[in-house]
Amino acid sequence: MQRISIDPITRLEGHGKIDIFLNEEGEVANAYFQIPELRGFEVFCVGRPAEDMPNLTDRICGVCPEAHHMAASKALDALWHVEVPPAGKKLRELMYSIFFATDHTTHFYALGGPDFIVGPDAPAAERNILGVIQKVGMDVAGKVLKMRHDGHYLIQMMAARRVQPNWGLPGGVSRGINEEQRKEIEKLGRDAIEFALFSLQAFRDIVLKNKAYVDLILGDIFNHHTYSMGMVDANNRTNFYDGMIRVVDPDGKEFVKYAPKDYLNVLAEHVEPWTYLKFPYLKKVGWKGFVDGKDSGVYKATPLSRLNAADGLATPKAQEAYDEFYKTLGGKPVHATLATHWARLVELLYATERWVELATDPEITSPNYRTIPTAVPDEGVGTVEAPRGTLTHHYKTDSRGILTEVNLIVGTTNNYAPIAMSCKKAAEKLIHKGKVTEGLLNMVEMGFRAYDPCFGCATHSLPGQMPMEVRLRGPNGEVLEVLTKNLA
Amino acid sequence: MRSLVLGLGNAILGDDAVGLRVARAVAERWSDAEGVTIAEEERGGLALLEQLTGFDRALLIDAIQTGAPAGTLHHLGVDSVPTQRTATAHGINLRMALEMGRRSGLSLPANKAIAILGIEAGDVLTFAETLSPELELAIPPAVEAVREWLRHEEDA
C-alpha cells in the first residue's frame, strides 16, 4: 500500500473527518479520525490573574462548565497552598453532585439513550429524544425537563449564576446556604433520587429484557480491553469531586494510584502527524499504537472506567445498582463500551444520593466556607471527574498570581485513542471487499456517543449531530466514496 | 405579545461571540421597549428551550459558517441550516427541543414565530475576546435587522 500523507484538518473546517484506507482486498487497513479542536487556550490565559480561571474556563464547555469551574477552583487551592474548610468542600461537592445528576440525565435521554431505548435499527428520524419519549411515556419529557430545571435553579442558588458559576475561590467558595435553601435542596434531591431509580428501571425494562440489545452491548464491535481510570476516595469508592486517581489494568487489578499533582509522572502524550489531537497514555506501559491489552498504554476515563477503577460506590442504592451491573455483565472489569450508558445511570443514582447526603449534613449551612490564603502562589493542579472523564487543570504563576503556564486535560482527551480505535473497529466490521454496509455512519456515531465526547463543544455541534465526512480511500490513497452526515 | 431577542455565542471564542455582541448592542438601544426581553445564552439545545418558554415570538442571533464572506447576514428559520448553537448541545437540536417542550406542555412560540439571524463567522475555534474586523462591521447591520424584526411584528 502506498504511503499517503494526511494533513490535519484545516483551521476553517468545522466538521469531523474519518479517512478509511482499504487494502488490495477491499478490507480496512487503517482508519484515521480528526475533529476540530479549540486552539490557543494557553496563550489566551497567560498574563491573566489565576483567580479568573474558574469563570474563564467554565466557558470552554457548553454543557459542563461546572466541571471546569470546580477543577479550576481546586487548582487555585493548590496554587495558593490553602486548605478548604470542611463546609467549603461539602458545599462544592454538593453543587457538583447536583450538576452531575443534571448532566448525566441530559446525556442519557438526549444522546445515548435513543440508541437503546428506541433501538439501533430504528429509522434515524426516531432515534432521538422524541423517540425515547414515545417509547418510555409522555411524562418522561416532563421529568427530564424538571431535573434540568431543578438542577440549574439550585446551581444558581448556590453559585450565583445559572450555568457558568461565579463561586469558586482559592480556599473555598464565595457564599454558603441558609436553612431555607438547604431544605429546598434536600427536597429536590429526593425527587432526583426517584427520577434516577425510574431511569434505571426504564433501562431494565426496555434494554435489559431485550436480548438483542444485551447482545449489542456485549458484542465485540466496541469492546476494547484497556486500562480504566477514575477518581476514588480513601476507601476506593468513586468520588466525583476529590480523591486520588486510580488506574486498573484490563484484568481489573490496580496498576497505579496517584495524587492529581503527580499526573505528569503517570501520563504522557503521543503525537500523530495526521491530527492536532494528542493521545494521552500511561507512561510506564508505553505507547504501542492504537491497540488493546495490558501491554498498551491506552486507557479510558469514562463512567464505565470509573466503575471499573473503583471497588464500589459510597451510597446504598447506587451500590446495589453497581452490583447488579457487574453481575449482569459477567463480572469486573467490563470493557463493552456501550455499557457506558448503563454505567452513566448508575452514576446518576450515586450523584442524587450524594446530593441528599450532603444536603442533610449538619455542617452544610456553616458560615465557615472559606480560608483566606496567605502563601505566595507558584504552581497548582486541580482534578475532578467531569461527566466525560477525568479533568485536570494545571497552572503556574509568578509570585503575584499572574499565569505563566496553563495545561488542561479535559475529560474527553483521555479517550481520544479509544475513540479512534472504536472508529476503526466499526469500519473493519462494516466494510468488506470495498463495500460499505448501510449504517456505517450510525455505528461509528454509536461508538462516539457512548463517550459523550467534548469535541470543541463550546462552539460546535457534536457527534449525534456533528457534521461528519467519511472518506473511503483505496490502497493508493484515491478517494473511492464520500459519506456525509449533517453537512450543509 | 411577549418577544424575545436572544443572542447566542461563546464570549471567549472569537467570532463565536457575535450573537452576544449584537444582543448587547440591541439592549443599549431598546432595553425599555415594552414586551421585549433581550437576553444572552452561551449554551444550545435544551437550554434554548428553557429560554424560549413563555414567549410568543423570538429572534435568535448566532454565528454560522456556510462559506459565505465573513459578516454576511443570513435570515433563517427553525427548519433552516442550523447555526452552532441551534444544532445541538450534546444531542438535541432546536427543532427537537421545541417539540419536546410542546409535548411537555410548555408555552413556546410556534416554529414560524421563531426567526434566526445567522451572522457568517470567520474563526470560531481560536480563543479570543475580540471579533474579527469583518464581524465588528457586521454588528450595525445586524442591529438594524433586529430593529426591522421588532418593527415588523409591531405592525403585524
# chains A, B, ... in the order shown; residues from 1 in each chain; ligands from 1
call {"tool": "residues_around", "arguments": {"residues": "region 138-151 of chain A", "least_positions_apart": "5", "cutoff": "10 Å", "atoms": "only C-alpha atoms", "output": "mmCIF file with C-alpha atoms, in the first residue's frame"}}
result
data_model
loop_
_atom_site.group_PDB
_atom_site.id
_atom_site.type_symbol
_atom_site.label_atom_id
_atom_site.label_comp_id
_atom_site.auth_asym_id
_atom_site.auth_seq_id
_atom_site.Cartn_x
_atom_site.Cartn_y
_atom_site.Cartn_z
ATOM 1 C CA MET A 95 -23.160 21.711 43.917
ATOM 2 C CA SER A 97 -23.367 16.364 42.663
ATOM 3 C CA ILE A 98 -26.367 18.404 41.523
ATOM 4 C CA PHE A 99 -24.548 19.288 38.324
ATOM 5 C CA PHE A 100 -23.513 15.672 37.683
ATOM 6 C CA ALA A 101 -27.088 14.471 38.074
ATOM 7 C CA THR A 102 -28.367 17.141 35.683
ATOM 8 C CA ASP A 103 -25.701 16.460 33.106
ATOM 9 C CA THR A 105 -29.753 12.995 32.759
ATOM 10 C CA THR A 106 -29.413 15.197 29.690
ATOM 11 C CA PHE A 108 -28.721 9.695 28.697
ATOM 12 C CA TYR A 109 -32.098 10.841 27.431
ATOM 13 C CA ALA A 110 -30.972 13.103 24.615
ATOM 14 C CA ILE A 129 -35.186 12.122 22.485
ATOM 15 C CA LEU A 130 -38.629 12.284 20.869
ATOM 16 C CA VAL A 132 -37.464 7.970 23.726
ATOM 17 C CA ILE A 133 -40.497 9.905 24.914
ATOM 18 C CA GLN A 156 -27.778 29.369 40.522
ATOM 19 C CA MET A 157 -28.972 29.490 44.119
ATOM 20 C CA ARG A 162 -27.242 29.779 36.303
ATOM 21 C CA VAL A 163 -24.790 27.671 34.328
ATOM 22 C CA GLU A 184 -35.234 23.123 49.214
ATOM 23 C CA ILE A 185 -32.027 21.465 48.041
ATOM 24 C CA LEU A 188 -35.395 18.443 45.160
ATOM 25 C CA GLY A 189 -32.634 15.931 45.817
ATOM 26 C CA ASP A 191 -37.152 13.971 43.803
ATOM 27 C CA ALA A 192 -33.938 13.426 41.861
ATOM 28 C CA PHE A 195 -36.004 10.025 38.948
ATOM 29 C CA ALA A 196 -32.693 8.158 38.905
ATOM 30 C CA PHE A 198 -37.105 5.458 37.471
ATOM 31 C CA SER A 199 -34.419 5.813 34.779
ATOM 32 C CA LEU B 46 -32.434 22.152 25.665
ATOM 33 C CA ALA B 47 -31.072 25.366 27.133
ATOM 34 C CA LEU B 49 -35.985 25.654 25.164
ATOM 35 C CA GLU B 50 -35.724 26.972 28.679
ATOM 36 C CA MET B 100 -40.180 18.048 23.332
ATOM 37 C CA GLY B 101 -41.189 21.199 25.141
ATOM 38 C CA ARG B 102 -44.571 21.332 23.452
ATOM 39 C CA ARG B 103 -45.254 17.691 24.326
ATOM 40 C CA SER B 104 -44.442 18.555 27.935
ATOM 41 C CA GLY B 105 -46.995 21.339 27.894
ATOM 42 C CA LEU B 106 -44.582 24.277 27.872
#
call {"tool": "select_by_dssp", "arguments": {"residues": "region 5-208 of chain A", "states": "alpha helix (DSSP H)", "output": "PyMOL selection string"}}
result
chain A and resi 41-45+53-57+65-79+86-107+113-117+129-136+139-159+179-203
call {"tool": "residues_around", "arguments": {"residues": "Leu52 (chain B)", "least_positions_apart": "6", "cutoff": "12 Å", "atoms": "only C-alpha atoms", "output": "PyMOL selection string"}}
result
chain B and resi 2-6+37-41+44-46+58-60+94+97-98+101-102+106-111+113-114
call {"tool": "write_last_selection", "arguments": {"atoms": "C-alpha atoms", "output": "mmCIF file, in the first residue's frame"}}
result
data_model
loop_
_atom_site.group_PDB
_atom_site.id
_atom_site.type_symbol
_atom_site.label_atom_id
_atom_site.label_comp_id
_atom_site.auth_asym_id
_atom_site.auth_seq_id
_atom_site.Cartn_x
_atom_site.Cartn_y
_atom_site.Cartn_z
ATOM 1 C CA ARG B 2 -44.073 38.848 24.511
ATOM 2 C CA SER B 3 -40.982 38.981 22.323
ATOM 3 C CA LEU B 4 -37.524 37.611 22.975
ATOM 4 C CA VAL B 5 -34.316 38.741 21.307
ATOM 5 C CA LEU B 6 -31.695 36.160 22.279
ATOM 6 C CA THR B 37 -36.866 40.844 26.523
ATOM 7 C CA ILE B 38 -33.261 40.928 25.372
ATOM 8 C CA ALA B 39 -31.075 38.133 26.698
ATOM 9 C CA GLU B 40 -27.843 36.227 26.109
ATOM 10 C CA GLU B 41 -27.207 32.486 26.168
ATOM 11 C CA GLY B 44 -27.782 25.437 22.987
ATOM 12 C CA GLY B 45 -30.291 22.627 22.564
ATOM 13 C CA LEU B 46 -32.434 22.152 25.665
ATOM 14 C CA ALA B 58 -38.362 35.039 19.280
ATOM 15 C CA LEU B 59 -35.337 36.135 17.295
ATOM 16 C CA LEU B 60 -32.157 34.157 17.893
ATOM 17 C CA LEU B 94 -33.616 23.316 18.328
ATOM 18 C CA ALA B 97 -36.111 20.698 21.776
ATOM 19 C CA LEU B 98 -39.205 22.700 20.774
ATOM 20 C CA GLY B 101 -41.189 21.199 25.141
ATOM 21 C CA ARG B 102 -44.571 21.332 23.452
ATOM 22 C CA LEU B 106 -44.582 24.277 27.872
ATOM 23 C CA SER B 107 -45.751 27.570 26.387
ATOM 24 C CA LEU B 108 -43.460 28.130 23.405
ATOM 25 C CA PRO B 109 -43.557 30.245 20.270
ATOM 26 C CA ALA B 110 -44.748 28.486 17.115
ATOM 27 C CA ASN B 111 -41.910 27.474 14.806
ATOM 28 C CA ALA B 113 -42.713 32.747 15.044
ATOM 29 C CA ILE B 114 -39.037 31.949 15.647
#
call {"tool": "residues_around", "arguments": {"residues": "Gly131 (chain A)", "least_positions_apart": "4", "cutoff": "9 Å", "atoms": "only C-alpha atoms", "output": "list in words"}}
result
Pro114, Ile117, Val118, Ala125, Glu126, Arg127, Lys135 and Val136 of chain A
call {"tool": "atom_distance", "arguments": {"atom1": "CA of Leu131 (chain B)", "atom2": "CA of Gly9 (chain B)"}}
result
11.8 Å
call {"tool": "residues_around", "arguments": {"residues": "Gly171 (chain A)", "least_positions_apart": "5", "cutoff": "7 Å", "atoms": "only C-alpha atoms", "output": "list of chain:residue names"}}
result
A:Asp77, A:Val82, A:Glu83, A:Val84, A:Arg370, A:Thr371, A:Ile372, A:Pro373
call {"tool": "write_last_selection", "arguments": {"atoms": "C-alpha atoms", "output": "tab-separated table (two decimals), in the first residue's frame"}}
result
chain	number	residue	atom	x	y	z
A	77	ASP	CA	-6.39	25.93	46.25
A	82	VAL	CA	-4.56	26.69	51.12
A	83	GLU	CA	-6.82	24.07	52.68
A	84	VAL	CA	-10.56	24.50	52.09
A	370	ARG	CA	-13.50	29.72	53.08
A	371	THR	CA	-9.93	30.04	54.29
A	372	ILE	CA	-8.21	33.17	53.04
A	373	PRO	CA	-4.87	32.15	51.51
call {"tool": "closest_atom_pairs", "arguments": {"of": "region 286-339 of chain A", "to": "region 388-412 of chain A", "cutoff": "10 Å", "atoms": "only C-alpha atoms", "output": "Markdown table"}}
result
| residue | atom | partner | partner_atom | distance |
| --- | --- | --- | --- | --- |
| A:Lys300 | CA | A:Gly389 | CA | 8.1 |
| A:Ala301 | CA | A:Gly389 | CA | 4.6 |
| A:Thr302 | CA | A:Gly389 | CA | 4.8 |
| A:Pro303 | CA | A:Gly389 | CA | 7.2 |
| A:Leu304 | CA | A:Gly389 | CA | 9.7 |
| A:Ser305 | CA | A:Gly389 | CA | 8.8 |
| A:Arg306 | CA | A:Gly389 | CA | 8.3 |
call {"tool": "closest_residue", "arguments": {"among": "A:Phe41, A:Tyr241, A:Tyr258, A:Tyr263", "to": "chain B", "atoms": "only C-alpha atoms"}}
result
A:Phe41
call {"tool": "atom_distance", "arguments": {"atom1": "CA of Thr337 (chain A)", "atom2": "CA of Lys424 (chain A)"}}
result
14.0 Å
